[in-house]
file data.cif (mmCIF, C-alpha atoms and all ligand atoms; chains and numbers go by the auth columns)
data_run
loop_
_atom_site.group_PDB
_atom_site.id
_atom_site.type_symbol
_atom_site.label_atom_id
_atom_site.label_comp_id
_atom_site.label_asym_id
_atom_site.label_seq_id
_atom_site.Cartn_x
_atom_site.Cartn_y
_atom_site.Cartn_z
_atom_site.B_iso_or_equiv
_atom_site.auth_seq_id
_atom_site.auth_asym_id
ATOM 1 C CA MET A 1 -3.430 2.355 -26.068 0.00 1 D
ATOM 2 C CA ILE A 2 -3.582 2.331 -22.293 0.00 2 D
ATOM 3 C CA PRO A 3 -4.232 -1.313 -21.246 0.00 3 D
ATOM 4 C CA PHE A 4 -6.999 -0.504 -18.747 0.00 4 D
ATOM 5 C CA GLY A 5 -7.971 -4.168 -18.549 0.00 5 D
ATOM 6 C CA ARG A 6 -4.665 -4.890 -16.796 0.00 6 D
ATOM 7 C CA LEU A 7 -4.532 -1.781 -14.621 0.00 7 D
ATOM 8 C CA GLY A 8 -7.434 -2.480 -12.246 0.00 8 D
ATOM 9 C CA PRO A 9 -5.347 -3.026 -9.070 0.00 9 D
ATOM 10 C CA ILE A 10 -3.288 0.127 -9.780 0.00 10 D
ATOM 11 C CA PHE A 11 -6.382 2.279 -10.317 0.00 11 D
ATOM 12 C CA LYS A 12 -8.045 0.785 -7.246 0.00 12 D
ATOM 13 C CA ARG A 13 -5.096 1.839 -5.129 0.00 13 D
ATOM 14 C CA PHE A 14 -4.177 5.238 -6.589 0.00 14 D
ATOM 15 C CA ALA A 15 -7.002 6.749 -8.692 0.00 15 D
ATOM 16 C CA GLY A 16 -8.770 8.256 -5.665 0.00 16 D
ATOM 17 C CA ALA A 17 -5.941 10.809 -5.431 0.00 17 D
ATOM 18 C CA MET A 18 -7.141 12.376 -8.708 0.00 18 D
ATOM 19 C CA TYR A 19 -10.265 13.769 -7.051 0.00 19 D
ATOM 20 C CA PRO A 20 -9.833 17.054 -5.144 0.00 20 D
ATOM 21 C CA ARG A 21 -11.783 17.757 -1.962 0.00 21 D
ATOM 22 C CA GLU A 22 -14.043 20.283 -3.763 0.00 22 D
ATOM 23 C CA THR A 23 -15.024 17.637 -6.333 0.00 23 D
ATOM 24 C CA ARG A 24 -15.897 15.152 -3.605 0.00 24 D
ATOM 25 C CA SER A 25 -18.031 17.760 -1.789 0.00 25 D
ATOM 26 C CA LEU A 26 -19.821 18.772 -4.970 0.00 26 D
ATOM 27 C CA LEU A 27 -20.577 15.158 -5.845 0.00 27 D
ATOM 28 C CA LYS A 28 -21.906 14.473 -2.351 0.00 28 D
ATOM 29 C CA GLU A 29 -24.143 17.554 -2.587 0.00 29 D
ATOM 30 C CA ILE A 30 -25.669 16.178 -5.819 0.00 30 D
ATOM 31 C CA ILE A 31 -26.082 12.707 -4.356 0.00 31 D
ATOM 32 C CA ARG A 32 -27.730 14.109 -1.204 0.00 32 D
ATOM 33 C CA SER A 33 -30.526 15.603 -3.298 0.00 33 D
ATOM 34 C CA LEU A 34 -31.561 12.343 -5.024 0.00 34 D
ATOM 35 C CA GLU A 35 -34.795 10.514 -4.294 0.00 35 D
ATOM 36 C CA PRO A 36 -34.586 7.555 -1.869 0.00 36 D
ATOM 37 C CA GLY A 37 -33.704 4.239 -3.496 0.00 37 D
ATOM 38 C CA GLY A 38 -32.811 5.846 -6.841 0.00 38 D
ATOM 39 C CA LEU A 39 -30.280 4.647 -9.390 0.00 39 D
ATOM 40 C CA VAL A 40 -26.879 6.208 -10.089 0.00 40 D
ATOM 41 C CA LEU A 41 -24.842 5.341 -13.188 0.00 41 D
ATOM 42 C CA ASP A 42 -21.029 5.599 -13.051 0.00 42 D
ATOM 43 C CA LEU A 43 -19.709 5.750 -16.643 0.00 43 D
ATOM 44 C CA GLY A 44 -16.141 4.743 -17.472 0.00 44 D
ATOM 45 C CA ALA A 45 -16.309 3.702 -13.839 0.00 45 D
ATOM 46 C CA GLY A 46 -13.066 1.739 -13.748 0.00 46 D
ATOM 47 C CA THR A 47 -12.884 0.379 -10.213 0.00 47 D
ATOM 48 C CA GLY A 48 -15.890 2.419 -9.056 0.00 48 D
ATOM 49 C CA ILE A 49 -14.073 5.253 -7.261 0.00 49 D
ATOM 50 C CA LEU A 50 -16.802 7.852 -7.929 0.00 50 D
ATOM 51 C CA SER A 51 -19.553 5.460 -6.827 0.00 51 D
ATOM 52 C CA ASP A 52 -17.608 4.815 -3.639 0.00 52 D
ATOM 53 C CA ILE A 53 -17.336 8.544 -2.892 0.00 53 D
ATOM 54 C CA ALA A 54 -21.075 8.930 -3.579 0.00 54 D
ATOM 55 C CA ARG A 55 -21.921 5.979 -1.352 0.00 55 D
ATOM 56 C CA GLU A 56 -20.163 7.595 1.602 0.00 56 D
ATOM 57 C CA GLU A 57 -23.072 10.061 1.442 0.00 57 D
ATOM 58 C CA ARG A 58 -25.990 7.782 0.497 0.00 58 D
ATOM 59 C CA HIS A 59 -26.114 4.046 1.195 0.00 59 D
ATOM 60 C CA ASP A 60 -29.720 3.695 0.125 0.00 60 D
ATOM 61 C CA LEU A 61 -29.069 4.416 -3.576 0.00 61 D
ATOM 62 C CA ARG A 62 -28.212 1.710 -6.101 0.00 62 D
ATOM 63 C CA TYR A 63 -24.974 2.193 -8.015 0.00 63 D
ATOM 64 C CA VAL A 64 -24.232 0.793 -11.471 0.00 64 D
ATOM 65 C CA ALA A 65 -20.688 0.875 -12.914 0.00 65 D
ATOM 66 C CA LEU A 66 -20.292 0.679 -16.692 0.00 66 D
ATOM 67 C CA ASP A 67 -16.898 0.221 -18.345 0.00 67 D
ATOM 68 C CA PRO A 68 -15.520 -1.620 -21.408 0.00 68 D
ATOM 69 C CA ALA A 69 -12.638 -3.084 -19.349 0.00 69 D
ATOM 70 C CA MET A 70 -13.608 -6.123 -17.263 0.00 70 D
ATOM 71 C CA GLY A 71 -10.155 -5.995 -15.611 0.00 71 D
ATOM 72 C CA MET A 72 -11.203 -2.654 -14.087 0.00 72 D
ATOM 73 C CA LEU A 73 -14.770 -3.605 -13.145 0.00 73 D
ATOM 74 C CA LYS A 74 -13.758 -6.748 -11.323 0.00 74 D
ATOM 75 C CA ASN A 75 -11.830 -4.568 -8.867 0.00 75 D
ATOM 76 C CA ALA A 76 -14.950 -2.533 -8.018 0.00 76 D
ATOM 77 C CA PRO A 77 -16.666 -3.217 -4.671 0.00 77 D
ATOM 78 C CA GLN A 78 -19.335 -5.897 -4.482 0.00 78 D
ATOM 79 C CA HIS A 79 -22.194 -3.534 -3.709 0.00 79 D
ATOM 80 C CA ILE A 80 -21.864 -1.899 -7.166 0.00 80 D
ATOM 81 C CA GLY A 81 -23.701 -3.439 -10.132 0.00 81 D
ATOM 82 C CA LYS A 82 -21.276 -4.046 -13.003 0.00 82 D
ATOM 83 C CA VAL A 83 -22.032 -3.706 -16.711 0.00 83 D
ATOM 84 C CA LEU A 84 -19.560 -4.196 -19.527 0.00 84 D
ATOM 85 C CA GLY A 85 -20.187 -1.509 -22.156 0.00 85 D
ATOM 86 C CA LYS A 86 -19.420 1.874 -23.644 0.00 86 D
ATOM 87 C CA ALA A 87 -20.799 5.319 -22.901 0.00 87 D
ATOM 88 C CA GLU A 88 -21.883 5.726 -26.540 0.00 88 D
ATOM 89 C CA ASP A 89 -24.270 2.761 -26.398 0.00 89 D
ATOM 90 C CA LEU A 90 -25.946 2.471 -23.013 0.00 90 D
ATOM 91 C CA PRO A 91 -27.892 -0.761 -22.409 0.00 91 D
ATOM 92 C CA PHE A 92 -30.506 0.953 -20.218 0.00 92 D
ATOM 93 C CA ARG A 93 -34.073 2.213 -20.634 0.00 93 D
ATOM 94 C CA ARG A 94 -34.893 5.884 -20.940 0.00 94 D
ATOM 95 C CA ASN A 95 -35.507 7.826 -17.670 0.00 95 D
ATOM 96 C CA SER A 96 -33.708 5.224 -15.533 0.00 96 D
ATOM 97 C CA PHE A 97 -31.167 7.217 -13.506 0.00 97 D
ATOM 98 C CA GLY A 98 -31.358 10.134 -11.076 0.00 98 D
ATOM 99 C CA ALA A 99 -27.675 10.900 -11.716 0.00 99 D
ATOM 100 C CA VAL A 100 -24.978 9.878 -14.185 0.00 100 D
ATOM 101 C CA LEU A 101 -21.314 10.362 -13.234 0.00 101 D
ATOM 102 C CA ILE A 102 -18.182 10.209 -15.353 0.00 102 D
ATOM 103 C CA GLY A 103 -14.766 10.731 -13.761 0.00 103 D
ATOM 104 C CA ASP A 104 -11.505 11.058 -15.688 0.00 104 D
ATOM 105 C CA ALA A 105 -13.030 9.085 -18.552 0.00 105 D
ATOM 106 C CA ILE A 106 -14.898 11.318 -21.021 0.00 106 D
ATOM 107 C CA HIS A 107 -11.620 11.994 -22.850 0.00 107 D
ATOM 108 C CA HIS A 108 -11.357 8.243 -23.526 0.00 108 D
ATOM 109 C CA VAL A 109 -14.822 8.002 -25.092 0.00 109 D
ATOM 110 C CA ASN A 110 -14.669 7.793 -28.892 0.00 110 D
ATOM 111 C CA ASP A 111 -17.765 9.878 -29.506 0.00 111 D
ATOM 112 C CA PRO A 112 -18.485 12.152 -26.509 0.00 112 D
ATOM 113 C CA GLU A 113 -21.249 14.025 -28.367 0.00 113 D
ATOM 114 C CA TRP A 114 -23.138 10.792 -28.885 0.00 114 D
ATOM 115 C CA ALA A 115 -22.444 9.750 -25.285 0.00 115 D
ATOM 116 C CA ILE A 116 -24.121 12.993 -24.105 0.00 116 D
ATOM 117 C CA ILE A 117 -27.213 12.104 -26.160 0.00 117 D
ATOM 118 C CA GLU A 118 -27.220 8.638 -24.565 0.00 118 D
ATOM 119 C CA VAL A 119 -26.860 10.136 -21.080 0.00 119 D
ATOM 120 C CA LYS A 120 -29.775 12.462 -21.812 0.00 120 D
ATOM 121 C CA ARG A 121 -31.885 9.442 -22.809 0.00 121 D
ATOM 122 C CA VAL A 122 -31.212 7.430 -19.640 0.00 122 D
ATOM 123 C CA LEU A 123 -31.410 10.365 -17.191 0.00 123 D
ATOM 124 C CA ARG A 124 -34.660 11.220 -15.453 0.00 124 D
ATOM 125 C CA LYS A 125 -36.075 14.724 -15.887 0.00 125 D
ATOM 126 C CA ASN A 126 -34.127 17.145 -13.645 0.00 126 D
ATOM 127 C CA GLY A 127 -31.463 14.459 -13.312 0.00 127 D
ATOM 128 C CA THR A 128 -27.807 15.461 -13.048 0.00 128 D
ATOM 129 C CA PHE A 129 -24.840 14.558 -15.244 0.00 129 D
ATOM 130 C CA PHE A 130 -21.646 15.049 -13.224 0.00 130 D
ATOM 131 C CA ILE A 131 -18.378 15.203 -15.158 0.00 131 D
ATOM 132 C CA PHE A 132 -14.849 15.380 -13.787 0.00 132 D
ATOM 133 C CA ASP A 133 -11.948 15.710 -16.214 0.00 133 D
ATOM 134 C CA ILE A 134 -8.623 17.270 -17.102 0.00 134 D
ATOM 135 C CA ASP A 135 -8.395 20.760 -18.639 0.00 135 D
ATOM 136 C CA PRO A 136 -6.182 20.638 -21.767 0.00 136 D
ATOM 137 C CA ASP A 137 -5.783 24.439 -21.618 0.00 137 D
ATOM 138 C CA ALA A 138 -3.992 24.263 -18.252 0.00 138 D
ATOM 139 C CA PHE A 139 -0.243 23.589 -18.145 0.00 139 D
ATOM 140 C CA LEU A 140 -0.389 20.260 -16.273 0.00 140 D
ATOM 141 C CA GLY A 141 -3.488 19.232 -18.197 0.00 141 D
ATOM 142 C CA ARG A 142 -1.647 19.752 -21.471 0.00 142 D
ATOM 143 C CA ALA A 143 1.186 17.548 -20.168 0.00 143 D
ATOM 144 C CA VAL A 144 -1.287 14.723 -19.368 0.00 144 D
ATOM 145 C CA CYS A 145 -2.825 15.149 -22.800 0.00 145 D
ATOM 146 C CA ILE A 146 0.588 14.827 -24.510 0.00 146 D
ATOM 147 C CA ALA A 147 1.535 11.823 -22.347 0.00 147 D
ATOM 148 C CA GLU A 148 -1.683 9.988 -23.249 0.00 148 D
ATOM 149 C CA ARG A 149 -1.212 10.713 -26.956 0.00 149 D
ATOM 150 C CA LEU A 150 2.328 9.313 -26.719 0.00 150 D
ATOM 151 C CA LEU A 151 0.693 6.148 -25.353 0.00 151 D
ATOM 152 C CA ARG A 152 -1.488 6.244 -28.497 0.00 152 D
ATOM 153 C CA GLU A 153 -4.613 6.770 -26.450 0.00 153 D
ATOM 154 C CA ARG A 154 -7.452 8.718 -28.079 0.00 154 D
ATOM 155 C CA ALA A 155 -7.195 11.427 -25.396 0.00 155 D
ATOM 156 C CA GLY A 156 -9.892 13.723 -26.802 0.00 156 D
ATOM 157 C CA PHE A 157 -9.671 16.272 -23.998 0.00 157 D
ATOM 158 C CA TYR A 158 -12.272 19.046 -24.007 0.00 158 D
ATOM 159 C CA PRO A 159 -11.800 22.374 -22.290 0.00 159 D
ATOM 160 C CA PRO A 160 -14.752 22.775 -19.862 0.00 160 D
ATOM 161 C CA GLU A 161 -16.174 25.689 -21.890 0.00 161 D
ATOM 162 C CA LYS A 162 -16.475 23.520 -25.021 0.00 162 D
ATOM 163 C CA LEU A 163 -18.021 20.594 -23.150 0.00 163 D
ATOM 164 C CA GLY A 164 -20.381 23.074 -21.469 0.00 164 D
ATOM 165 C CA ASP A 165 -21.535 24.372 -24.885 0.00 165 D
ATOM 166 C CA LEU A 166 -22.249 20.816 -26.097 0.00 166 D
ATOM 167 C CA LEU A 167 -24.262 20.077 -22.959 0.00 167 D
ATOM 168 C CA ARG A 168 -26.289 23.306 -23.243 0.00 168 D
ATOM 169 C CA LYS A 169 -27.097 22.483 -26.876 0.00 169 D
ATOM 170 C CA ASP A 170 -28.571 19.176 -25.631 0.00 170 D
ATOM 171 C CA GLY A 171 -30.820 20.797 -23.025 0.00 171 D
ATOM 172 C CA PHE A 172 -28.657 20.849 -19.888 0.00 172 D
ATOM 173 C CA SER A 173 -28.001 23.787 -17.591 0.00 173 D
ATOM 174 C CA VAL A 174 -24.289 23.862 -16.812 0.00 174 D
ATOM 175 C CA ASP A 175 -22.113 24.863 -13.849 0.00 175 D
ATOM 176 C CA VAL A 176 -18.343 24.615 -14.156 0.00 176 D
ATOM 177 C CA LEU A 177 -15.957 24.460 -11.209 0.00 177 D
ATOM 178 C CA LYS A 178 -12.230 24.603 -12.017 0.00 178 D
ATOM 179 C CA HIS A 179 -9.567 23.116 -9.776 0.00 179 D
ATOM 180 C CA ASP A 180 -6.249 24.176 -11.378 0.00 180 D
ATOM 181 C CA TRP A 181 -5.696 21.618 -14.163 0.00 181 D
ATOM 182 C CA ARG A 182 -8.883 19.685 -13.478 0.00 182 D
ATOM 183 C CA TYR A 183 -12.553 20.665 -13.540 0.00 183 D
ATOM 184 C CA SER A 184 -16.008 19.455 -12.543 0.00 184 D
ATOM 185 C CA ILE A 185 -19.192 20.108 -14.480 0.00 185 D
ATOM 186 C CA THR A 186 -22.649 19.794 -12.938 0.00 186 D
ATOM 187 C CA ALA A 187 -25.128 19.533 -15.816 0.00 187 D
ATOM 188 C CA LYS A 188 -28.843 19.423 -15.010 0.00 188 D
ATOM 189 C CA LEU A 189 -31.338 18.139 -17.546 0.00 189 D
ATOM 190 C CA ILE A 190 -33.921 20.877 -17.960 0.00 190 D
ATOM 191 C CA ASP A 191 -36.042 19.851 -20.944 0.00 191 D
HETATM 192 C C1 LIG B . -8.616 6.889 -16.433 0.00 201 D
HETATM 193 S S1 LIG B . -9.797 5.589 -16.247 0.00 201 D
HETATM 194 C C2 LIG B . -10.849 6.290 -14.999 0.00 201 D
HETATM 195 C C3 LIG B . -11.604 5.238 -14.254 0.00 201 D
HETATM 196 C C4 LIG B . -12.421 5.747 -13.048 0.00 201 D
HETATM 197 N N1 LIG B . -13.522 6.601 -13.437 0.00 201 D
HETATM 198 C C5 LIG B . -11.524 6.424 -12.040 0.00 201 D
HETATM 199 O O1 LIG B . -11.673 7.624 -11.813 0.00 201 D
HETATM 200 O O2 LIG B . -10.656 5.731 -11.486 0.00 201 D
HETATM 201 C C6 LIG B . -10.752 5.717 -17.727 0.00 201 D
HETATM 202 C C7 LIG B . -11.784 4.616 -17.901 0.00 201 D
HETATM 203 O O3 LIG B . -12.562 4.872 -19.081 0.00 201 D
HETATM 204 C C8 LIG B . -12.884 3.640 -19.641 0.00 201 D
HETATM 205 N N2 LIG B . -13.341 3.815 -21.042 0.00 201 D
HETATM 206 C C9 LIG B . -12.608 3.819 -22.177 0.00 201 D
HETATM 207 N N3 LIG B . -13.410 3.976 -23.263 0.00 201 D
HETATM 208 C C10 LIG B . -14.680 4.091 -22.784 0.00 201 D
HETATM 209 C C11 LIG B . -15.958 4.262 -23.399 0.00 201 D
HETATM 210 N N4 LIG B . -16.094 4.370 -24.733 0.00 201 D
HETATM 211 N N5 LIG B . -17.055 4.316 -22.603 0.00 201 D
HETATM 212 C C12 LIG B . -16.934 4.229 -21.245 0.00 201 D
HETATM 213 N N6 LIG B . -15.745 4.079 -20.611 0.00 201 D
HETATM 214 C C13 LIG B . -14.631 4.012 -21.366 0.00 201 D
HETATM 215 C C14 LIG B . -11.617 2.821 -19.487 0.00 201 D
HETATM 216 O O4 LIG B . -11.827 1.430 -19.630 0.00 201 D
HETATM 217 C C15 LIG B . -11.178 3.238 -18.095 0.00 201 D
HETATM 218 O O5 LIG B . -11.669 2.355 -17.101 0.00 201 D
#

call {"tool": "encode", "arguments": {"input": "data.cif", "output": "C-alpha cells", "more": "lines below"}}
Ligand SMILES: C[S@@+](CC[C@H](N)C(=O)[O-])C[C@H]1O[C@@H](n2cnc3c(N)ncnc32)[C@H](O)[C@@H]1O
result
Amino acid sequence: MIPFGRLGPIFKRFAGAMYPRETRSLLKEIIRSLEPGGLVLDLGAGTGILSDIAREERHDLRYVALDPAMGMLKNAPQHIGKVLGKAEDLPFRRNSFGAVLIGDAIHHVNDPEWAIIEVKRVLRKNGTFFIFDIDPDAFLGRAVCIAERLLRERAGFYPPEKLGDLLRKDGFSVDVLKHDWRYSITAKLID
C-alpha cells in the first residue's frame, strides 16, 4: 500500500506537476461558471492541489477537501475545509455542492461505482463532476498502473471510455479530454 499518510510534504511539493495546462484551464472554466459563494468538494484531495488551482480563478467559493489520510490533509492550505473520509461514504447532505473534483485519486477508491452514486447525491442539479486520472490503455499509464500494483495498491484504473459509460448510466453527460497518458472528464448532472 502507498503510505499516503506519510507522503503529505512530498505531494505538496511535487503533485502539481501531474496536472497539464489543458486540465488547469478546463477546471478553471468549470469553476468560473459556478454561482457566487457556492461549495466545491475536492475528493481524494491529498494536499488540496485541485482546490488551489480552482481558487486561483474564484476566491469567493468555499472549498472542502476530503481524504482518508490526515497526513495529506494537514498539508493543505488553511483556507480549505478539511474532512477525513472516503469517497464511497460522503458525510454531506444531498444537493450541497456546485462542483465535485477528483484528481489522480479515483483509481485508489475501493468502489468507484458507489462513489459516483454518492457524488450524484451531494451534487446540485446541473452540477459538475470533474475527474482527472491516468489512462491504463496508454503506454506510460500502463507503467504507472504496474508500478502501483507492485506497491500493492488497489490501482483500479479505468480507461476514460469505461468511466464515461458508468457516469452516463448514472445520469451525467460526459466530455472526455485526453492528454497523452492522462485524461480529464467533465461530467454534468442532467437528471
Ligand atoms: C495520488 S493521491 C492524489 C492526491 C491529490 N488529489 C493530488 O492530486 O495531489 C491519491 C489520494 O487518494 C486518497 N484516497 C485513497 N482512498 C480513497 C478513498 N476511498 N476515497 C477518497 N480518497 C482516497 C489518498 O489518501 C490520497 O491522498

call {"tool": "closest_residue", "arguments": {"input": "data.cif", "among": "D:Tyr183, D:Trp114, D:Phe157, D:Phe97", "to": "D:Ile131", "atoms": "all atoms listed in the file"}}
result
D:Tyr183

call {"tool": "resolve_selection", "arguments": {"input": "data.cif", "expression": "the PyMOL selection byres (((chain D and resi 1) around 12) and not hetatm)", "output": "PDB file with C-alpha atoms, in the coordinates of the input"}}
result
ATOM      1  CA  ILE D   2      -3.582   2.331 -22.293  1.00  0.00           C
ATOM      2  CA  PRO D   3      -4.232  -1.313 -21.246  1.00  0.00           C
ATOM      3  CA  PHE D   4      -6.999  -0.504 -18.747  1.00  0.00           C
ATOM      4  CA  GLY D   5      -7.971  -4.168 -18.549  1.00  0.00           C
ATOM      5  CA  ARG D   6      -4.665  -4.890 -16.796  1.00  0.00           C
ATOM      6  CA  HIS D 108     -11.357   8.243 -23.526  1.00  0.00           C
ATOM      7  CA  ALA D 147       1.535  11.823 -22.347  1.00  0.00           C
ATOM      8  CA  GLU D 148      -1.683   9.988 -23.249  1.00  0.00           C
ATOM      9  CA  ARG D 149      -1.212  10.713 -26.956  1.00  0.00           C
ATOM     10  CA  LEU D 150       2.328   9.313 -26.719  1.00  0.00           C
ATOM     11  CA  LEU D 151       0.693   6.148 -25.353  1.00  0.00           C
ATOM     12  CA  ARG D 152      -1.488   6.244 -28.497  1.00  0.00           C
ATOM     13  CA  GLU D 153      -4.613   6.770 -26.450  1.00  0.00           C
ATOM     14  CA  ARG D 154      -7.452   8.718 -28.079  1.00  0.00           C
ATOM     15  CA  ALA D 155      -7.195  11.427 -25.396  1.00  0.00           C
TER      16      ALA D 155
END

call {"tool": "residues_near_ligand", "arguments": {"input": "data.cif", "ligand": "ligand LIG 201 (chain D)", "cutoff": "8 Å", "atoms": "only C-alpha atoms and all ligand atoms", "output": "CSV table (one decimal) with C-alpha atoms, in the coordinates of the input"}}
result
chain,number,residue,atom,x,y,z
D,4,PHE,CA,-7.0,-0.5,-18.7
D,5,GLY,CA,-8.0,-4.2,-18.5
D,11,PHE,CA,-6.4,2.3,-10.3
D,12,LYS,CA,-8.0,0.8,-7.2
D,15,ALA,CA,-7.0,6.7,-8.7
D,16,GLY,CA,-8.8,8.3,-5.7
D,18,MET,CA,-7.1,12.4,-8.7
D,19,TYR,CA,-10.3,13.8,-7.1
D,42,ASP,CA,-21.0,5.6,-13.1
D,43,LEU,CA,-19.7,5.8,-16.6
D,44,GLY,CA,-16.1,4.7,-17.5
D,45,ALA,CA,-16.3,3.7,-13.8
D,46,GLY,CA,-13.1,1.7,-13.7
D,47,THR,CA,-12.9,0.4,-10.2
D,48,GLY,CA,-15.9,2.4,-9.1
D,49,ILE,CA,-14.1,5.3,-7.3
D,50,LEU,CA,-16.8,7.9,-7.9
D,66,LEU,CA,-20.3,0.7,-16.7
D,67,ASP,CA,-16.9,0.2,-18.3
D,68,PRO,CA,-15.5,-1.6,-21.4
D,69,ALA,CA,-12.6,-3.1,-19.3
D,72,MET,CA,-11.2,-2.7,-14.1
D,73,LEU,CA,-14.8,-3.6,-13.1
D,85,GLY,CA,-20.2,-1.5,-22.2
D,86,LYS,CA,-19.4,1.9,-23.6
D,87,ALA,CA,-20.8,5.3,-22.9
D,88,GLU,CA,-21.9,5.7,-26.5
D,102,ILE,CA,-18.2,10.2,-15.4
D,103,GLY,CA,-14.8,10.7,-13.8
D,104,ASP,CA,-11.5,11.1,-15.7
D,105,ALA,CA,-13.0,9.1,-18.6
D,106,ILE,CA,-14.9,11.3,-21.0
D,108,HIS,CA,-11.4,8.2,-23.5
D,109,VAL,CA,-14.8,8.0,-25.1
D,110,ASN,CA,-14.7,7.8,-28.9
D,111,ASP,CA,-17.8,9.9,-29.5

call {"tool": "atom_distance", "arguments": {"input": "data.cif", "atom1": "atom CA of D:Glu118", "atom2": "atom CA of D:Leu84"}}
result
15.8 Å

call {"tool": "closest_residue", "arguments": {"input": "data.cif", "among": "D:Lys162, D:Arg93, D:Lys188, D:Lys120", "to": "D:Val174", "atoms": "all atoms listed in the file"}}
result
D:Lys188

call {"tool": "atom_distance", "arguments": {"input": "data.cif", "atom1": "atom CA of D:Arg24", "atom2": "atom CA of D:Arg121"}}
result
25.6 Å

call {"tool": "closest_residue", "arguments": {"input": "data.cif", "among": "D:Tyr63, D:Glu29, D:Gly71, D:Ile190", "to": "D:Asp170", "atoms": "all atoms listed in the file"}}
result
D:Ile190

call {"tool": "closest_residue", "arguments": {"input": "data.cif", "among": "D:Arg142, D:Pro77, D:Ile134, D:Thr128", "to": "D:Leu167", "atoms": "all atoms listed in the file"}}
result
D:Thr128

call {"tool": "resolve_selection", "arguments": {"input": "data.cif", "expression": "the PyMOL selection byres (((chain D and resi 61) around 9) and not hetatm)", "output": "MDAnalysis selection string"}}
result
chainID D and resid 31 34:40 55 58:60 62:63

call {"tool": "resolve_selection", "arguments": {"input": "data.cif", "expression": "the PyMOL selection byres (((chain D and resi 23) around 9) and not hetatm)", "output": "list in words"}}
result
Tyr19, Pro20, Arg21, Glu22, Arg24, Ser25, Leu26, Leu27, Lys28, Phe132, Leu177, His179, Tyr183 and Ser184 of chain D

call {"tool": "closest_residue", "arguments": {"input": "data.cif", "among": "D:Gly98, D:Pro9, D:Pro91, D:Pro112", "to": "D:Ser33", "atoms": "only C-alpha atoms"}}
result
D:Gly98
